[in-house]
Amino acid sequence: MTSPERRPEEKRRRIGVGAPPAAILDDVLFGEVLPRLPIKSIVRFRSVCRAWRDAVDGGAVARRRLELSRSSPPAMLVIPREDWDNNLAERSAELNFYRLLLADGGAPAGDAAAAAAELVLEKALPGAATVTHEVVPTHCDGLVAVATRDGEVFVCNPATRELVALPPGTPSVRDDAYAWGARPAAIAYDASRRSYVVARYFYREFHEAKDANGGNFVLLKCDIGREVFTLGAGGGGGWEVTGDPPHPIAFARPVCTRDAIYWCADADYQQDDENALVRFDLRDRAFDVVPPPPGADMYSDEQHVAELEGKLYYVDYVDTAVDVWVADEVGVGRQRRPEWTLRCRLDFGGGVFGSGEAILPVADDGEEMLVAVDYRKLYRYSECTKSLSLVVDMAKELVYQCEDGSLLYGDGDGKFFKHHVVPYVESLVSIRGRQ
């Protein structure tokens, strides 16, 4: 029989009153205090001790910070790159990342600009590495993968200033035939393996010729492969070849939802003239072909897909307007399919459509949607008024400030730029460390 003197102690133990104060403090510190601090401050706290470093790099702090960032208003990165039509292979030794800041309503207030570019990171590439002016950036959970025209892939976390050049992948024989473009790579989180991966495709063989009328190209022979690089301490340090895609892939930017990576099939070489999206299931590491929205067209030299908050968007170019579709993925595993709903029609009135190959949604809260056009302009669509208005002409209005204090203008001094706008979630995700 338990003595009366011991009963209060047992009661305290049952309700947790006797829990070690240090454990409670750690839960509060790592779960609520540190994750709410600026990223720069959190990174400095890594040096306190090994437990804090582990929590920041891939533990409780990193996970909680990512949750908080996802629930915050959407942010956007701008990556300016010189745009030389006749020399896309020109190279530079740094990558610059800017946060795009918009004024309320997206319109100037007095002398205030409609948008500003805040420097997040100006990073020299590792070693003697350089990067072509022509790039294709993709984003996932604060990590940005930058694929170049010459086939290199760089991965950067602008918030933590970590930048890694991935080892060379399998050479692609098609690059020389399409010297104007950069072969894109996709970055994604593989939840089944708890790791971030970068995926790219390559051509072992590619032969085409003009048809009998001397007009369209006909694909004679194609052998396309796909490879995946696993980031972090658990990766093998090299590219892993997976199954082959079922179609040639277009140079459009791929996107990642929570379960899969979507690529646009090359419309010039699709069988039976059917438009298709190529879906790569992250769990099974297997390909499938899924349809775009009903009646949608697909063009090999234009951007079609985007991802916002885990949802797949599709842009269908219609005369002087574009239809924006959004999909919910339904089904299980490889049977998952996008179920499309028309989000809105953006009517540019003939003034913008056709000026470039990129009209992509970059933010959408259901009431307003921001759309990047031709790597130069940002528009706002209002669901209430069904109208479209210009927010900022990045080529004329944005001024980028470099770390040395010098200013970089959108266009000027005989230079022209592509302003790559990428949806962005600030995070502590490590490229090399534990994930």
# chains A, B, ... in the order shown; residues from 1 in each chain; ligands from 1
call {"tool": "residues_around", "arguments": {"residues": "Asp297 of chain A", "least_positions_apart": "4", "cutoff": "10 Å", "atoms": "only C-alpha atoms", "output": "number ranges by chain"}}
result
A: 267, 274-276, 292-293, 304, 315-318
call {"tool": "write_last_selection", "arguments": {"atoms": "N, CA, C and O atoms", "output": "PDB file, in the first residue's frame"}}
result
ATOM      1  N   ALA A 267       5.867  19.443 -78.045  1.00  0.00           N
ATOM      2  CA  ALA A 267       4.690  19.378 -78.908  1.00  0.00           C
ATOM      3  C   ALA A 267       5.046  19.102 -80.363  1.00  0.00           C
ATOM      4  O   ALA A 267       4.213  18.616 -81.131  1.00  0.00           O
ATOM      5  N   GLU A 274      -1.321  14.540 -80.043  1.00  0.00           N
ATOM      6  CA  GLU A 274      -1.998  14.747 -78.774  1.00  0.00           C
ATOM      7  C   GLU A 274      -1.091  15.523 -77.817  1.00  0.00           C
ATOM      8  O   GLU A 274       0.076  15.188 -77.642  1.00  0.00           O
ATOM      9  N   ASN A 275      -1.647  16.590 -77.214  1.00  0.00           N
ATOM     10  CA  ASN A 275      -0.892  17.319 -76.208  1.00  0.00           C
ATOM     11  C   ASN A 275      -0.784  16.476 -74.948  1.00  0.00           C
ATOM     12  O   ASN A 275      -1.712  15.746 -74.592  1.00  0.00           O
ATOM     13  N   ALA A 276       0.353  16.604 -74.257  1.00  0.00           N
ATOM     14  CA  ALA A 276       0.540  15.751 -73.086  1.00  0.00           C
ATOM     15  C   ALA A 276       1.489  16.413 -72.103  1.00  0.00           C
ATOM     16  O   ALA A 276       2.382  17.177 -72.478  1.00  0.00           O
ATOM     17  N   PRO A 292      -3.321  17.643 -70.541  1.00  0.00           N
ATOM     18  CA  PRO A 292      -3.496  19.018 -70.065  1.00  0.00           C
ATOM     19  C   PRO A 292      -4.982  19.328 -69.968  1.00  0.00           C
ATOM     20  O   PRO A 292      -5.822  18.444 -70.182  1.00  0.00           O
ATOM     21  N   PRO A 293      -5.367  20.550 -69.654  1.00  0.00           N
ATOM     22  CA  PRO A 293      -6.795  20.887 -69.592  1.00  0.00           C
ATOM     23  C   PRO A 293      -7.498  20.606 -70.917  1.00  0.00           C
ATOM     24  O   PRO A 293      -6.867  20.617 -71.983  1.00  0.00           O
ATOM     25  N   HIS A 304       4.270  26.716 -70.003  1.00  0.00           N
ATOM     26  CA  HIS A 304       2.876  26.331 -69.796  1.00  0.00           C
ATOM     27  C   HIS A 304       2.529  26.032 -68.341  1.00  0.00           C
ATOM     28  O   HIS A 304       1.391  26.260 -67.935  1.00  0.00           O
ATOM     29  N   VAL A 315      -1.095  27.238 -68.268  1.00  0.00           N
ATOM     30  CA  VAL A 315      -1.411  28.430 -69.045  1.00  0.00           C
ATOM     31  C   VAL A 315      -1.646  28.020 -70.489  1.00  0.00           C
ATOM     32  O   VAL A 315      -0.757  27.464 -71.143  1.00  0.00           O
ATOM     33  N   ASP A 316      -2.845  28.295 -70.990  1.00  0.00           N
ATOM     34  CA  ASP A 316      -3.215  27.960 -72.359  1.00  0.00           C
ATOM     35  C   ASP A 316      -3.343  29.253 -73.161  1.00  0.00           C
ATOM     36  O   ASP A 316      -4.129  30.143 -72.815  1.00  0.00           O
ATOM     37  N   TYR A 317      -2.553  29.388 -74.195  1.00  0.00           N
ATOM     38  CA  TYR A 317      -2.506  30.604 -74.998  1.00  0.00           C
ATOM     39  C   TYR A 317      -3.641  30.582 -76.027  1.00  0.00           C
ATOM     40  O   TYR A 317      -3.700  29.715 -76.901  1.00  0.00           O
ATOM     41  N   VAL A 318      -4.553  31.566 -75.921  1.00  0.00           N
ATOM     42  CA  VAL A 318      -5.744  31.615 -76.766  1.00  0.00           C
ATOM     43  C   VAL A 318      -5.831  33.003 -77.395  1.00  0.00           C
ATOM     44  O   VAL A 318      -6.192  33.963 -76.714  1.00  0.00           O
TER      45      VAL A 318
END
call {"tool": "residues_around", "arguments": {"residues": "Ser69 of chain A", "least_positions_apart": "6", "cutoff": "12 Å", "atoms": "only C-alpha atoms", "output": "PyMOL selection string"}}
result
chain A and resi 35-39+62-63+75+141-142+309+424-429
call {"tool": "write_last_selection", "arguments": {"atoms": "C-alpha atoms", "output": "PDB file, in the first residue's frame"}}
result
ATOM      1  CA  PRO A  35      12.116  29.711 -35.790  1.00  0.00           C
ATOM      2  CA  ARG A  36      10.544  33.177 -35.570  1.00  0.00           C
ATOM      3  CA  LEU A  37      13.858  35.044 -35.644  1.00  0.00           C
ATOM      4  CA  PRO A  38      15.431  36.402 -38.848  1.00  0.00           C
ATOM      5  CA  ILE A  39      17.299  33.727 -40.784  1.00  0.00           C
ATOM      6  CA  ALA A  62      14.390  24.032 -39.686  1.00  0.00           C
ATOM      7  CA  ARG A  63      11.086  22.150 -39.855  1.00  0.00           C
ATOM      8  CA  ALA A  75       7.150  35.957 -51.513  1.00  0.00           C
ATOM      9  CA  ASP A 141      11.076  24.953 -50.014  1.00  0.00           C
ATOM     10  CA  GLY A 142      13.648  27.739 -50.189  1.00  0.00           C
ATOM     11  CA  GLU A 309       1.380  26.193 -52.846  1.00  0.00           C
ATOM     12  CA  TYR A 424       9.818  31.709 -52.924  1.00  0.00           C
ATOM     13  CA  VAL A 425       9.550  30.317 -49.399  1.00  0.00           C
ATOM     14  CA  GLU A 426      12.356  31.333 -47.027  1.00  0.00           C
ATOM     15  CA  SER A 427      13.829  28.346 -45.206  1.00  0.00           C
ATOM     16  CA  LEU A 428      16.806  26.812 -43.402  1.00  0.00           C
ATOM     17  CA  VAL A 429      16.875  23.675 -45.576  1.00  0.00           C
TER      18      VAL A 429
END
call {"tool": "residues_around", "arguments": {"residues": "segment 216-233 of chain A", "least_positions_apart": "6", "cutoff": "8 Å", "atoms": "only C-alpha atoms", "output": "PyMOL selection string"}}
result
chain A and resi 169+195-210+239-245+247-248+268-269+430-435
call {"tool": "closest_residue", "arguments": {"among": "A:Ala93, A:Ala185, A:Ala60, A:Leu121", "to": "Arg253 of chain A", "atoms": "only C-alpha atoms"}}
result
A:Ala185
call {"tool": "residues_around", "arguments": {"residues": "Phe417 of chain A", "least_positions_apart": "4", "cutoff": "6 Å", "atoms": "only C-alpha atoms", "output": "ChimeraX atom specification"}}
result
/A:81-83
call {"tool": "write_last_selection", "arguments": {"atoms": "all heavy atoms", "output": "PDB file, in the first residue's frame"}}
result
ATOM      1  N   ARG A  81      19.222  38.258 -65.291  1.00  0.00           N
ATOM      2  CA  ARG A  81      20.313  37.737 -66.120  1.00  0.00           C
ATOM      3  C   ARG A  81      20.346  38.525 -67.424  1.00  0.00           C
ATOM      4  O   ARG A  81      19.308  38.810 -68.011  1.00  0.00           O
ATOM      5  CB  ARG A  81      20.114  36.247 -66.436  1.00  0.00           C
ATOM      6  CG  ARG A  81      20.025  35.350 -65.226  1.00  0.00           C
ATOM      7  CD  ARG A  81      21.309  35.326 -64.436  1.00  0.00           C
ATOM      8  NE  ARG A  81      22.425  34.790 -65.217  1.00  0.00           N
ATOM      9  CZ  ARG A  81      23.691  34.846 -64.808  1.00  0.00           C
ATOM     10  NH1 ARG A  81      23.999  35.424 -63.663  1.00  0.00           N
ATOM     11  NH2 ARG A  81      24.639  34.320 -65.551  1.00  0.00           N
ATOM     12  N   GLU A  82      21.546  38.874 -67.863  1.00  0.00           N
ATOM     13  CA  GLU A  82      21.671  39.596 -69.126  1.00  0.00           C
ATOM     14  C   GLU A  82      21.104  38.756 -70.260  1.00  0.00           C
ATOM     15  O   GLU A  82      21.315  37.542 -70.316  1.00  0.00           O
ATOM     16  CB  GLU A  82      23.137  39.943 -69.399  1.00  0.00           C
ATOM     17  CG  GLU A  82      23.648  41.075 -68.524  1.00  0.00           C
ATOM     18  CD  GLU A  82      24.999  41.587 -69.001  1.00  0.00           C
ATOM     19  OE1 GLU A  82      25.153  41.841 -70.216  1.00  0.00           O
ATOM     20  OE2 GLU A  82      25.907  41.715 -68.163  1.00  0.00           O
ATOM     21  N   ASP A  83      20.389  39.409 -71.160  1.00  0.00           N
ATOM     22  CA  ASP A  83      19.716  38.723 -72.260  1.00  0.00           C
ATOM     23  C   ASP A  83      20.315  39.191 -73.574  1.00  0.00           C
ATOM     24  O   ASP A  83      19.952  40.233 -74.100  1.00  0.00           O
ATOM     25  CB  ASP A  83      18.209  39.037 -72.205  1.00  0.00           C
ATOM     26  CG  ASP A  83      17.435  38.312 -73.296  1.00  0.00           C
ATOM     27  OD1 ASP A  83      17.967  37.330 -73.835  1.00  0.00           O
ATOM     28  OD2 ASP A  83      16.312  38.739 -73.595  1.00  0.00           O
TER      29      ASP A  83
END
call {"tool": "select_by_dssp", "arguments": {"residues": "segment 95-339 of chain A", "states": "strand (DSSP E)", "output": "ChimeraX atom specification"}}
result
/A:95-102,115-124,131-132,135-140,143-148,153-157,162-165,185-190,195-210,217-230,239-241,255-256,260-264,277-281,286-290,305-308,311-318,321-330,337-339
call {"tool": "residues_around", "arguments": {"residues": "Val131 of chain A", "least_positions_apart": "5", "cutoff": "10 Å", "atoms": "only C-alpha atoms", "output": "list in words"}}
result
Ala89, Glu90, Arg91, Ser92, Ala93, Glu94, Leu95, Leu125, Val146, Ala147, Thr148, Arg149, Asp150, Gly151, Glu152, Val153 and Phe154 of chain A
call {"tool": "write_last_selection", "arguments": {"atoms": "N, CA, C and O atoms", "output": "PDB file, in the first residue's frame"}}
result
ATOM      1  N   ALA A  89      25.429  32.133 -74.688  1.00  0.00           N
ATOM      2  CA  ALA A  89      26.431  31.347 -73.986  1.00  0.00           C
ATOM      3  C   ALA A  89      27.405  32.215 -73.204  1.00  0.00           C
ATOM      4  O   ALA A  89      28.299  31.684 -72.527  1.00  0.00           O
ATOM      5  N   GLU A  90      27.295  33.534 -73.301  1.00  0.00           N
ATOM      6  CA  GLU A  90      28.154  34.412 -72.505  1.00  0.00           C
ATOM      7  C   GLU A  90      28.010  34.061 -71.026  1.00  0.00           C
ATOM      8  O   GLU A  90      26.920  33.759 -70.545  1.00  0.00           O
ATOM      9  N   ARG A  91      29.110  34.120 -70.279  1.00  0.00           N
ATOM     10  CA  ARG A  91      29.101  33.606 -68.915  1.00  0.00           C
ATOM     11  C   ARG A  91      29.485  34.688 -67.913  1.00  0.00           C
ATOM     12  O   ARG A  91      30.156  35.675 -68.253  1.00  0.00           O
ATOM     13  N   SER A  92      29.064  34.492 -66.668  1.00  0.00           N
ATOM     14  CA  SER A  92      29.453  35.362 -65.565  1.00  0.00           C
ATOM     15  C   SER A  92      29.819  34.488 -64.373  1.00  0.00           C
ATOM     16  O   SER A  92      29.517  33.297 -64.349  1.00  0.00           O
ATOM     17  N   ALA A  93      30.439  35.090 -63.377  1.00  0.00           N
ATOM     18  CA  ALA A  93      30.971  34.317 -62.255  1.00  0.00           C
ATOM     19  C   ALA A  93      30.135  34.450 -60.996  1.00  0.00           C
ATOM     20  O   ALA A  93      30.577  34.037 -59.922  1.00  0.00           O
ATOM     21  N   GLU A  94      28.920  35.004 -61.096  1.00  0.00           N
ATOM     22  CA  GLU A  94      28.097  35.146 -59.903  1.00  0.00           C
ATOM     23  C   GLU A  94      26.624  34.978 -60.247  1.00  0.00           C
ATOM     24  O   GLU A  94      26.202  35.093 -61.404  1.00  0.00           O
ATOM     25  N   LEU A  95      25.850  34.696 -59.197  1.00  0.00           N
ATOM     26  CA  LEU A  95      24.399  34.652 -59.279  1.00  0.00           C
ATOM     27  C   LEU A  95      23.842  35.614 -58.233  1.00  0.00           C
ATOM     28  O   LEU A  95      24.285  35.605 -57.079  1.00  0.00           O
ATOM     29  N   LEU A 125      30.353  32.177 -57.630  1.00  0.00           N
ATOM     30  CA  LEU A 125      30.264  30.738 -57.805  1.00  0.00           C
ATOM     31  C   LEU A 125      31.509  30.059 -57.247  1.00  0.00           C
ATOM     32  O   LEU A 125      32.600  30.644 -57.223  1.00  0.00           O
ATOM     33  N   VAL A 146      19.329  26.181 -60.411  1.00  0.00           N
ATOM     34  CA  VAL A 146      19.564  27.000 -61.596  1.00  0.00           C
ATOM     35  C   VAL A 146      20.271  26.138 -62.636  1.00  0.00           C
ATOM     36  O   VAL A 146      21.405  25.723 -62.440  1.00  0.00           O
ATOM     37  N   ALA A 147      19.552  25.848 -63.719  1.00  0.00           N
ATOM     38  CA  ALA A 147      20.122  25.062 -64.812  1.00  0.00           C
ATOM     39  C   ALA A 147      20.599  26.012 -65.899  1.00  0.00           C
ATOM     40  O   ALA A 147      19.936  27.007 -66.209  1.00  0.00           O
ATOM     41  N   THR A 148      21.741  25.713 -66.492  1.00  0.00           N
ATOM     42  CA  THR A 148      22.336  26.610 -67.469  1.00  0.00           C
ATOM     43  C   THR A 148      22.231  26.046 -68.878  1.00  0.00           C
ATOM     44  O   THR A 148      21.904  24.874 -69.089  1.00  0.00           O
ATOM     45  N   ARG A 149      22.554  26.879 -69.827  1.00  0.00           N
ATOM     46  CA  ARG A 149      22.503  26.484 -71.228  1.00  0.00           C
ATOM     47  C   ARG A 149      23.496  25.361 -71.532  1.00  0.00           C
ATOM     48  O   ARG A 149      23.267  24.536 -72.415  1.00  0.00           O
ATOM     49  N   ASP A 150      24.598  25.318 -70.801  1.00  0.00           N
ATOM     50  CA  ASP A 150      25.631  24.320 -71.054  1.00  0.00           C
ATOM     51  C   ASP A 150      25.473  23.057 -70.228  1.00  0.00           C
ATOM     52  O   ASP A 150      26.374  22.213 -70.189  1.00  0.00           O
ATOM     53  N   GLY A 151      24.343  22.936 -69.522  1.00  0.00           N
ATOM     54  CA  GLY A 151      24.053  21.693 -68.824  1.00  0.00           C
ATOM     55  C   GLY A 151      24.435  21.650 -67.368  1.00  0.00           C
ATOM     56  O   GLY A 151      24.147  20.662 -66.681  1.00  0.00           O
ATOM     57  N   GLU A 152      25.094  22.700 -66.831  1.00  0.00           N
ATOM     58  CA  GLU A 152      25.413  22.691 -65.404  1.00  0.00           C
ATOM     59  C   GLU A 152      24.152  22.934 -64.574  1.00  0.00           C
ATOM     60  O   GLU A 152      23.186  23.533 -65.045  1.00  0.00           O
ATOM     61  N   VAL A 153      24.200  22.482 -63.319  1.00  0.00           N
ATOM     62  CA  VAL A 153      23.110  22.733 -62.373  1.00  0.00           C
ATOM     63  C   VAL A 153      23.712  23.224 -61.063  1.00  0.00           C
ATOM     64  O   VAL A 153      24.591  22.563 -60.487  1.00  0.00           O
ATOM     65  N   PHE A 154      23.269  24.389 -60.612  1.00  0.00           N
ATOM     66  CA  PHE A 154      23.666  24.953 -59.325  1.00  0.00           C
ATOM     67  C   PHE A 154      22.443  24.950 -58.414  1.00  0.00           C
ATOM     68  O   PHE A 154      21.332  25.223 -58.862  1.00  0.00           O
TER      69      PHE A 154
END
call {"tool": "residues_around", "arguments": {"residues": "Leu378 of chain A", "least_positions_apart": "5", "cutoff": "8 Å", "atoms": "only C-alpha atoms", "output": "PyMOL selection string"}}
result
chain A and resi 370-373+390-394
call {"tool": "write_last_selection", "arguments": {"atoms": "N, CA, C and O atoms", "output": "short mmCIF file (atom, residue, chain, number, x, y, z; two decimals), in the first residue's frame"}}
result
data_model
loop_
_atom_site.label_atom_id
_atom_site.label_comp_id
_atom_site.auth_asym_id
_atom_site.auth_seq_id
_atom_site.Cartn_x
_atom_site.Cartn_y
_atom_site.Cartn_z
N LEU A 370 -0.91 37.28 -59.32
CA LEU A 370 0.19 37.99 -59.97
C LEU A 370 0.73 37.12 -61.08
O LEU A 370 0.93 35.92 -60.91
N VAL A 371 0.98 37.75 -62.23
CA VAL A 371 1.41 37.02 -63.42
C VAL A 371 2.66 37.70 -63.99
O VAL A 371 2.64 38.91 -64.27
N ALA A 372 3.72 36.93 -64.16
CA ALA A 372 4.94 37.44 -64.77
C ALA A 372 4.86 37.22 -66.28
O ALA A 372 4.51 36.13 -66.74
N VAL A 373 5.19 38.27 -67.05
CA VAL A 373 5.04 38.24 -68.50
C VAL A 373 6.37 38.56 -69.17
O VAL A 373 6.96 39.62 -68.90
N LEU A 390 -1.23 46.46 -64.93
CA LEU A 390 0.22 46.38 -64.84
C LEU A 390 0.68 46.81 -63.45
O LEU A 390 0.32 47.89 -62.97
N VAL A 391 1.47 45.98 -62.80
CA VAL A 391 2.02 46.30 -61.48
C VAL A 391 3.36 47.01 -61.63
O VAL A 391 3.59 48.08 -61.07
N VAL A 392 4.25 46.41 -62.41
CA VAL A 392 5.57 47.00 -62.57
C VAL A 392 6.20 46.50 -63.86
O VAL A 392 6.04 45.33 -64.23
N ASP A 393 6.84 47.40 -64.57
CA ASP A 393 7.67 47.04 -65.71
C ASP A 393 9.09 46.90 -65.18
O ASP A 393 9.79 47.89 -64.97
N MET A 394 9.49 45.67 -64.92
CA MET A 394 10.78 45.43 -64.28
C MET A 394 11.94 45.93 -65.12
O MET A 394 12.97 46.37 -64.60
#
call {"tool": "closest_residue", "arguments": {"among": "A:Tyr375, A:Trp325, A:Trp340, A:Phe251", "to": "Val290 of chain A", "atoms": "only C-alpha atoms"}}
result
A:Trp340
call {"tool": "atom_distance", "arguments": {"atom1": "atom CA of Asp374 of chain A", "atom2": "atom CA of Gln303 of chain A"}}
result
9.9 Å
call {"tool": "atom_distance", "arguments": {"atom1": "atom CA of Val56 of chain A", "atom2": "atom CA of Cys140 of chain A"}}
result
18.4 Å
call {"tool": "closest_residue", "arguments": {"among": "A:Ile42, A:Val61, A:Ala286, A:Leu407", "to": "Asp27 of chain A", "atoms": "only C-alpha atoms"}}
result
A:Val61
call {"tool": "atom_distance", "arguments": {"atom1": "atom CA of Gly331 of chain A", "atom2": "atom CA of Ile187 of chain A"}}
result
23.2 Å
call {"tool": "closest_residue", "arguments": {"among": "A:Val155, A:Ile249, A:Val173, A:Met369", "to": "Tyr381 of chain A", "atoms": "only C-alpha atoms"}}
result
A:Met369
